[in-house]
>>> print(open('protein_34.pdb').read())   # PDB, N, CA and C atoms
ATOM      1  N   MET A  27     -39.521 141.924 -22.945
ATOM      2  CA  MET A  27     -39.388 141.351 -24.268
ATOM      3  C   MET A  27     -40.554 141.855 -25.114
ATOM      4  N   GLU A  28     -40.242 142.179 -26.366
ATOM      5  CA  GLU A  28     -41.256 142.699 -27.275
ATOM      6  C   GLU A  28     -41.324 141.836 -28.529
ATOM      7  N   ARG A  29     -42.513 141.696 -29.043
ATOM      8  CA  ARG A  29     -42.676 140.967 -30.303
ATOM      9  C   ARG A  29     -42.136 141.821 -31.435
ATOM     10  N   TYR A  30     -41.347 141.206 -32.306
ATOM     11  CA  TYR A  30     -40.818 141.905 -33.470
ATOM     12  C   TYR A  30     -41.946 142.075 -34.476
ATOM     13  N   ALA A  31     -42.140 143.294 -34.969
ATOM     14  CA  ALA A  31     -43.276 143.604 -35.849
ATOM     15  C   ALA A  31     -43.222 142.839 -37.173
ATOM     16  N   ASN A  32     -42.051 142.539 -37.688
ATOM     17  CA  ASN A  32     -41.896 141.761 -38.911
ATOM     18  C   ASN A  32     -42.737 142.339 -40.049
ATOM     19  N   ARG A  33     -42.522 143.597 -40.340
ATOM     20  CA  ARG A  33     -43.314 144.293 -41.357
ATOM     21  C   ARG A  33     -43.179 143.689 -42.756
ATOM     22  N   SER A  34     -42.063 143.041 -43.032
ATOM     23  CA  SER A  34     -41.891 142.409 -44.347
ATOM     24  C   SER A  34     -42.631 141.079 -44.437
ATOM     25  N   GLY A  35     -42.911 140.487 -43.287
ATOM     26  CA  GLY A  35     -43.633 139.228 -43.253
ATOM     27  C   GLY A  35     -42.784 137.984 -43.402
ATOM     28  N   ASN A  36     -41.484 138.133 -43.574
ATOM     29  CA  ASN A  36     -40.652 136.940 -43.773
ATOM     30  C   ASN A  36     -39.426 136.884 -42.871
ATOM     31  N   SER A  37     -39.425 137.613 -41.792
ATOM     32  CA  SER A  37     -38.278 137.626 -40.888
ATOM     33  C   SER A  37     -38.278 136.387 -39.994
ATOM     34  N   PRO A  38     -37.111 135.823 -39.731
ATOM     35  CA  PRO A  38     -37.015 134.712 -38.784
ATOM     36  C   PRO A  38     -37.008 135.185 -37.326
ATOM     37  N   ILE A  39     -37.013 136.488 -37.104
ATOM     38  CA  ILE A  39     -36.973 137.029 -35.745
ATOM     39  C   ILE A  39     -38.391 137.109 -35.185
ATOM     40  N   THR A  40     -38.546 136.656 -33.946
ATOM     41  CA  THR A  40     -39.865 136.667 -33.305
ATOM     42  C   THR A  40     -39.965 137.716 -32.196
ATOM     43  N   TYR A  41     -38.943 137.813 -31.366
ATOM     44  CA  TYR A  41     -38.952 138.736 -30.236
ATOM     45  C   TYR A  41     -37.588 139.382 -30.083
ATOM     46  N   TYR A  42     -37.571 140.481 -29.350
ATOM     47  CA  TYR A  42     -36.309 141.125 -28.999
ATOM     48  C   TYR A  42     -36.463 141.790 -27.642
ATOM     49  N   GLN A  43     -35.340 142.003 -26.997
ATOM     50  CA  GLN A  43     -35.313 142.710 -25.711
ATOM     51  C   GLN A  43     -34.163 143.697 -25.738
ATOM     52  N   ILE A  44     -34.491 144.950 -25.514
ATOM     53  CA  ILE A  44     -33.477 145.999 -25.508
ATOM     54  C   ILE A  44     -33.032 146.268 -24.078
ATOM     55  N   ASN A  45     -31.717 146.252 -23.893
ATOM     56  CA  ASN A  45     -31.105 146.595 -22.610
ATOM     57  C   ASN A  45     -30.210 147.803 -22.829
ATOM     58  N   GLU A  46     -29.679 148.335 -21.783
ATOM     59  CA  GLU A  46     -28.878 149.553 -21.890
ATOM     60  C   GLU A  46     -27.715 149.407 -22.857
ATOM     61  N   ASP A  47     -26.976 148.298 -22.751
ATOM     62  CA  ASP A  47     -25.777 148.123 -23.581
ATOM     63  C   ASP A  47     -25.829 146.877 -24.455
ATOM     64  N   SER A  48     -27.053 146.405 -24.740
ATOM     65  CA  SER A  48     -27.183 145.209 -25.574
ATOM     66  C   SER A  48     -28.606 145.073 -26.112
ATOM     67  N   ILE A  49     -28.751 144.129 -27.027
ATOM     68  CA  ILE A  49     -30.058 143.725 -27.513
ATOM     69  C   ILE A  49     -30.045 142.205 -27.611
ATOM     70  N   THR A  50     -31.111 141.578 -27.159
ATOM     71  CA  THR A  50     -31.254 140.136 -27.240
ATOM     72  C   THR A  50     -32.320 139.832 -28.274
ATOM     73  N   VAL A  51     -32.018 138.893 -29.167
ATOM     74  CA  VAL A  51     -32.892 138.575 -30.285
ATOM     75  C   VAL A  51     -33.273 137.097 -30.219
ATOM     76  N   TYR A  52     -34.543 136.814 -30.495
ATOM     77  CA  TYR A  52     -35.059 135.450 -30.512
ATOM     78  C   TYR A  52     -35.495 135.110 -31.933
ATOM     79  N   PHE A  53     -35.107 133.926 -32.406
ATOM     80  CA  PHE A  53     -35.416 133.489 -33.759
ATOM     81  C   PHE A  53     -36.448 132.360 -33.737
ATOM     82  N   LYS A  54     -37.245 132.262 -34.790
ATOM     83  CA  LYS A  54     -38.225 131.181 -34.935
ATOM     84  C   LYS A  54     -37.523 129.835 -34.839
ATOM     85  N   GLY A  55     -38.163 128.905 -34.142
ATOM     86  CA  GLY A  55     -37.651 127.547 -34.072
ATOM     87  C   GLY A  55     -36.382 127.367 -33.278
ATOM     88  N   ASN A  56     -35.972 128.397 -32.543
ATOM     89  CA  ASN A  56     -34.746 128.322 -31.759
ATOM     90  C   ASN A  56     -35.002 128.963 -30.405
ATOM     91  N   ASN A  57     -34.936 128.178 -29.356
ATOM     92  CA  ASN A  57     -35.189 128.693 -28.014
ATOM     93  C   ASN A  57     -33.996 129.436 -27.430
ATOM     94  N   LYS A  58     -32.873 129.394 -28.134
ATOM     95  CA  LYS A  58     -31.667 130.058 -27.634
ATOM     96  C   LYS A  58     -31.699 131.542 -27.988
ATOM     97  N   PRO A  59     -31.635 132.412 -26.990
ATOM     98  CA  PRO A  59     -31.551 133.851 -27.283
ATOM     99  C   PRO A  59     -30.134 134.238 -27.697
ATOM    100  N   TYR A  60     -30.034 135.204 -28.567
ATOM    101  CA  TYR A  60     -28.743 135.731 -29.009
ATOM    102  C   TYR A  60     -28.619 137.161 -28.520
ATOM    103  N   THR A  61     -27.623 137.413 -27.678
ATOM    104  CA  THR A  61     -27.413 138.744 -27.125
ATOM    105  C   THR A  61     -26.224 139.389 -27.811
ATOM    106  N   TYR A  62     -26.484 140.552 -28.371
ATOM    107  CA  TYR A  62     -25.450 141.351 -29.033
ATOM    108  C   TYR A  62     -25.174 142.550 -28.132
ATOM    109  N   SER A  63     -23.951 142.618 -27.615
ATOM    110  CA  SER A  63     -23.599 143.665 -26.655
ATOM    111  C   SER A  63     -22.626 144.661 -27.262
ATOM    112  N   TYR A  64     -22.463 145.779 -26.572
ATOM    113  CA  TYR A  64     -21.458 146.757 -26.985
ATOM    114  C   TYR A  64     -20.093 146.090 -27.105
ATOM    115  N   ARG A  65     -19.785 145.234 -26.145
ATOM    116  CA  ARG A  65     -18.480 144.573 -26.096
ATOM    117  C   ARG A  65     -18.281 143.640 -27.293
ATOM    118  N   GLY A  66     -19.302 142.860 -27.636
ATOM    119  CA  GLY A  66     -19.156 141.868 -28.689
ATOM    120  C   GLY A  66     -19.409 142.389 -30.097
ATOM    121  N   ALA A  67     -20.481 143.164 -30.257
ATOM    122  CA  ALA A  67     -20.889 143.615 -31.589
ATOM    123  C   ALA A  67     -20.529 145.065 -31.866
ATOM    124  N   GLY A  68     -20.162 145.798 -30.832
ATOM    125  CA  GLY A  68     -19.807 147.202 -30.996
ATOM    126  C   GLY A  68     -20.985 148.120 -30.697
ATOM    127  N   THR A  69     -20.687 149.230 -30.091
ATOM    128  CA  THR A  69     -21.719 150.176 -29.676
ATOM    129  C   THR A  69     -22.571 150.650 -30.846
ATOM    130  N   SER A  70     -21.941 151.040 -31.911
ATOM    131  CA  SER A  70     -22.670 151.561 -33.069
ATOM    132  C   SER A  70     -23.611 150.511 -33.652
ATOM    133  N   ASN A  71     -23.145 149.293 -33.785
ATOM    134  CA  ASN A  71     -23.991 148.226 -34.318
ATOM    135  C   ASN A  71     -25.182 147.940 -33.408
ATOM    136  N   VAL A  72     -24.947 147.885 -32.116
ATOM    137  CA  VAL A  72     -26.034 147.600 -31.177
ATOM    138  C   VAL A  72     -27.069 148.726 -31.200
ATOM    139  N   GLU A  73     -26.620 149.953 -31.221
ATOM    140  CA  GLU A  73     -27.562 151.072 -31.263
ATOM    141  C   GLU A  73     -28.364 151.063 -32.566
ATOM    142  N   THR A  74     -27.731 150.691 -33.661
ATOM    143  CA  THR A  74     -28.451 150.564 -34.938
ATOM    144  C   THR A  74     -29.466 149.437 -34.848
ATOM    145  N   MET A  75     -29.088 148.328 -34.261
ATOM    146  CA  MET A  75     -30.005 147.205 -34.109
ATOM    147  C   MET A  75     -31.216 147.579 -33.259
ATOM    148  N   LYS A  76     -31.015 148.366 -32.231
ATOM    149  CA  LYS A  76     -32.131 148.814 -31.395
ATOM    150  C   LYS A  76     -33.126 149.622 -32.219
ATOM    151  N   LYS A  77     -32.625 150.530 -33.029
ATOM    152  CA  LYS A  77     -33.495 151.355 -33.875
ATOM    153  C   LYS A  77     -34.239 150.501 -34.890
ATOM    154  N   ILE A  78     -33.524 149.581 -35.514
ATOM    155  CA  ILE A  78     -34.156 148.708 -36.505
ATOM    156  C   ILE A  78     -35.210 147.826 -35.844
ATOM    157  N   ALA A  79     -34.907 147.283 -34.676
ATOM    158  CA  ALA A  79     -35.870 146.427 -33.973
ATOM    159  C   ALA A  79     -37.163 147.190 -33.685
ATOM    160  N   ARG A  80     -37.034 148.408 -33.233
ATOM    161  CA  ARG A  80     -38.222 149.225 -32.949
ATOM    162  C   ARG A  80     -39.026 149.516 -34.220
ATOM    163  N   SER A  81     -38.337 149.629 -35.348
ATOM    164  CA  SER A  81     -39.029 149.930 -36.605
ATOM    165  C   SER A  81     -39.745 148.697 -37.160
ATOM    166  N   GLY A  82     -39.275 147.501 -36.800
ATOM    167  CA  GLY A  82     -39.936 146.273 -37.219
ATOM    168  C   GLY A  82     -39.569 145.758 -38.588
ATOM    169  N   SER A  83     -38.493 146.276 -39.163
ATOM    170  CA  SER A  83     -38.114 145.826 -40.499
ATOM    171  C   SER A  83     -36.603 145.948 -40.716
ATOM    172  N   GLY A  84     -35.984 144.845 -41.157
ATOM    173  CA  GLY A  84     -34.577 144.885 -41.530
ATOM    174  C   GLY A  84     -33.599 144.349 -40.510
ATOM    175  N   LEU A  85     -34.062 143.888 -39.375
ATOM    176  CA  LEU A  85     -33.134 143.453 -38.327
ATOM    177  C   LEU A  85     -32.365 142.190 -38.725
ATOM    178  N   SER A  86     -33.028 141.221 -39.274
ATOM    179  CA  SER A  86     -32.348 139.998 -39.686
ATOM    180  C   SER A  86     -31.296 140.284 -40.753
ATOM    181  N   THR A  87     -31.629 141.116 -41.697
ATOM    182  CA  THR A  87     -30.673 141.487 -42.745
ATOM    183  C   THR A  87     -29.461 142.174 -42.152
ATOM    184  N   PHE A  88     -29.685 143.101 -41.229
ATOM    185  CA  PHE A  88     -28.574 143.800 -40.580
ATOM    186  C   PHE A  88     -27.684 142.812 -39.834
ATOM    187  N   ILE A  89     -28.296 141.909 -39.093
ATOM    188  CA  ILE A  89     -27.519 140.918 -38.342
ATOM    189  C   ILE A  89     -26.670 140.090 -39.294
ATOM    190  N   ASN A  90     -27.274 139.574 -40.349
ATOM    191  CA  ASN A  90     -26.541 138.723 -41.298
ATOM    192  C   ASN A  90     -25.388 139.453 -41.980
ATOM    193  N   ARG A  91     -25.551 140.715 -42.255
ATOM    194  CA  ARG A  91     -24.525 141.477 -42.975
ATOM    195  C   ARG A  91     -23.436 142.062 -42.082
ATOM    196  N   ASN A  92     -23.770 142.303 -40.802
ATOM    197  CA  ASN A  92     -22.842 143.073 -39.975
ATOM    198  C   ASN A  92     -22.351 142.399 -38.683
ATOM    199  N   VAL A  93     -23.186 141.615 -38.030
ATOM    200  CA  VAL A  93     -22.807 141.116 -36.705
ATOM    201  C   VAL A  93     -23.124 139.639 -36.496
ATOM    202  N   ARG A  94     -23.277 138.923 -37.538
ATOM    203  CA  ARG A  94     -23.774 137.538 -37.502
ATOM    204  C   ARG A  94     -23.209 136.702 -36.350
ATOM    205  N   ASN A  95     -21.920 136.669 -36.192
ATOM    206  CA  ASN A  95     -21.293 135.826 -35.159
ATOM    207  C   ASN A  95     -20.745 136.617 -33.977
ATOM    208  N   ASP A  96     -21.164 137.852 -33.835
ATOM    209  CA  ASP A  96     -20.629 138.712 -32.769
ATOM    210  C   ASP A  96     -21.485 138.718 -31.513
ATOM    211  N   TYR A  97     -22.322 137.715 -31.339
ATOM    212  CA  TYR A  97     -23.143 137.632 -30.135
ATOM    213  C   TYR A  97     -22.294 137.140 -28.967
ATOM    214  N   ASP A  98     -22.782 137.389 -27.764
ATOM    215  CA  ASP A  98     -22.044 136.999 -26.547
ATOM    216  C   ASP A  98     -22.195 135.512 -26.254
TER     217      ASP A  98
END
>>> encode(input="protein_34.pdb", output="C-alpha cells")
Amino acid sequence: MERYANRSGNSPITYYQINEDSITVYFKGNNKPYTYSYRGAGTSNVETMKKIARSGSGLSTFINRNVRNDYD
C-alpha cells in the first residue's frame, strides 16, 4: 500500500494499492477499501487509474467521472 501524494491538497484519497489486474483505493474517514478491477471497471480504466495514482493528482476526479460505482 502506498500513500497517495495528493498534489492538489484536497483529495479524499489517502492510500492506494496496485495489483496486476486491479487497484484498491482508500478514502479519508472510511476504513472500507474500494477495489476497482478489470472485470468491474474495465481494463482501460484500471490502467488509467494506476497511472494517475502514481502521479498523485486527479484520481478522485477520474473515479467520480468514470468508475464511481464500478468497484468490486
>>> residues_near_point(input="protein_34.pdb", point="(-37.1, 129.0, -35.1)", cutoff="8 Å", atoms="only N, CA and C atoms", output="list in words")
Pro38, Ile39, Thr40, Tyr52, Phe53, Lys54, Gly55, Asn56 and Asn57 of chain A
>>> residues_around(input="protein_34.pdb", residues="Tyr30 in chain A", least_positions_apart="5", cutoff="12 Å", atoms="only C-alpha atoms", output="PyMOL selection string")
chain A and resi 35-44+50-54+76-86
>>> residues_around(input="protein_34.pdb", residues="Ala67 in chain A", least_positions_apart="5", cutoff="7 Å", atoms="all atoms listed in the file", output="list of chain:residue names")
A:Tyr62, A:Val72, A:Val93, A:Asp96, A:Tyr97, A:Asp98
>>> atom_distance(input="protein_34.pdb", atom1="CA of Asn32 in chain A", atom2="CA of Glu73 in chain A")
18.7 Å
>>> atom_distance(input="protein_34.pdb", atom1="CA of Thr69 in chain A", atom2="CA of Arg29 in chain A")
22.9 Å
>>> atom_distance(input="protein_34.pdb", atom1="atom C of Thr61 in chain A", atom2="atom N of Ser34 in chain A")
22.3 Å
>>> axis_aligned_box(input="protein_34.pdb", around="range 31-42 of chain A", padding_each_side="6 Å", output="AutoDock Vina command-line options")
--center_x -40.0 --center_y 139.5 --center_z -36.0 --size_x 19.3 --size_y 21.6 --size_z 28.8
>>> closest_residue(input="protein_34.pdb", among="A:Tyr64, A:Arg94, A:Ala31, A:Ser70", to="Glu46 in chain A", atoms="only C-alpha atoms")
A:Tyr64
>>> decode(input="protein_34.pdb", residues="range 50-84 of chain A", atoms="N, CA and C atoms", output="compact mmCIF listing (two decimals), in the first residue's frame")
# COMPACT_ATOMS: atom_id res chain seq x y z
N THR A 50 -6.75 -0.83 -5.54
CA THR A 50 -7.56 -0.64 -4.35
C THR A 50 -7.29 0.76 -3.82
N VAL A 51 -8.36 1.48 -3.51
CA VAL A 51 -8.26 2.88 -3.10
C VAL A 51 -8.88 3.03 -1.71
N TYR A 52 -8.21 3.82 -0.87
CA TYR A 52 -8.68 4.11 0.48
C TYR A 52 -9.01 5.60 0.58
N PHE A 53 -10.17 5.91 1.16
CA PHE A 53 -10.62 7.29 1.29
C PHE A 53 -10.56 7.74 2.75
N LYS A 54 -10.37 9.04 2.96
CA LYS A 54 -10.37 9.62 4.31
C LYS A 54 -11.68 9.29 5.01
N GLY A 55 -11.57 8.97 6.29
CA GLY A 55 -12.76 8.74 7.10
C GLY A 55 -13.55 7.50 6.77
N ASN A 56 -12.99 6.62 5.94
CA ASN A 56 -13.69 5.40 5.56
C ASN A 56 -12.69 4.25 5.58
N ASN A 57 -12.91 3.30 6.46
CA ASN A 57 -12.00 2.17 6.58
C ASN A 57 -12.22 1.11 5.51
N LYS A 58 -13.28 1.29 4.73
CA LYS A 58 -13.59 0.30 3.69
C LYS A 58 -12.76 0.58 2.44
N PRO A 59 -11.97 -0.39 2.00
CA PRO A 59 -11.23 -0.22 0.74
C PRO A 59 -12.15 -0.45 -0.46
N TYR A 60 -11.89 0.26 -1.52
CA TYR A 60 -12.64 0.10 -2.77
C TYR A 60 -11.70 -0.45 -3.82
N THR A 61 -12.01 -1.64 -4.32
CA THR A 61 -11.17 -2.28 -5.33
C THR A 61 -11.84 -2.18 -6.68
N TYR A 62 -11.11 -1.61 -7.61
CA TYR A 62 -11.57 -1.47 -9.00
C TYR A 62 -10.76 -2.45 -9.83
N SER A 63 -11.44 -3.44 -10.41
CA SER A 63 -10.76 -4.50 -11.15
C SER A 63 -11.04 -4.39 -12.64
N TYR A 64 -10.26 -5.13 -13.41
CA TYR A 64 -10.51 -5.21 -14.85
C TYR A 64 -11.95 -5.65 -15.11
N ARG A 65 -12.41 -6.61 -14.33
CA ARG A 65 -13.75 -7.17 -14.51
C ARG A 65 -14.83 -6.13 -14.23
N GLY A 66 -14.68 -5.36 -13.15
CA GLY A 66 -15.71 -4.43 -12.75
C GLY A 66 -15.64 -3.06 -13.43
N ALA A 67 -14.43 -2.50 -13.50
CA ALA A 67 -14.26 -1.14 -14.01
C ALA A 67 -13.71 -1.10 -15.42
N GLY A 68 -13.21 -2.22 -15.91
CA GLY A 68 -12.66 -2.28 -17.25
C GLY A 68 -11.14 -2.09 -17.24
N THR A 69 -10.49 -2.81 -18.10
CA THR A 69 -9.03 -2.80 -18.16
C THR A 69 -8.48 -1.40 -18.40
N SER A 70 -9.02 -0.71 -19.36
CA SER A 70 -8.52 0.62 -19.70
C SER A 70 -8.66 1.58 -18.53
N ASN A 71 -9.79 1.56 -17.86
CA ASN A 71 -10.00 2.44 -16.71
C ASN A 71 -9.03 2.12 -15.58
N VAL A 72 -8.85 0.85 -15.29
CA VAL A 72 -7.95 0.46 -14.20
C VAL A 72 -6.51 0.87 -14.53
N GLU A 73 -6.08 0.65 -15.75
CA GLU A 73 -4.72 1.04 -16.12
C GLU A 73 -4.54 2.55 -16.05
N THR A 74 -5.57 3.30 -16.42
CA THR A 74 -5.51 4.77 -16.29
C THR A 74 -5.44 5.15 -14.82
N MET A 75 -6.22 4.51 -13.99
CA MET A 75 -6.20 4.80 -12.56
C MET A 75 -4.83 4.51 -11.95
N LYS A 76 -4.18 3.46 -12.38
CA LYS A 76 -2.84 3.15 -11.88
C LYS A 76 -1.87 4.28 -12.21
N LYS A 77 -1.92 4.77 -13.43
CA LYS A 77 -1.04 5.87 -13.84
C LYS A 77 -1.33 7.13 -13.05
N ILE A 78 -2.61 7.44 -12.90
CA ILE A 78 -2.99 8.64 -12.15
C ILE A 78 -2.57 8.51 -10.69
N ALA A 79 -2.77 7.35 -10.10
CA ALA A 79 -2.38 7.14 -8.69
C ALA A 79 -0.89 7.39 -8.50
N ARG A 80 -0.09 6.88 -9.40
CA ARG A 80 1.36 7.08 -9.31
C ARG A 80 1.74 8.56 -9.47
N SER A 81 0.96 9.29 -10.25
CA SER A 81 1.27 10.71 -10.47
C SER A 81 0.86 11.56 -9.27
N GLY A 82 -0.11 11.09 -8.48
CA GLY A 82 -0.52 11.79 -7.28
C GLY A 82 -1.52 12.90 -7.46
N SER A 83 -2.15 12.96 -8.63
CA SER A 83 -3.11 14.03 -8.86
C SER A 83 -4.20 13.59 -9.85
N GLY A 84 -5.47 13.78 -9.44
CA GLY A 84 -6.58 13.53 -10.35
C GLY A 84 -7.31 12.22 -10.18
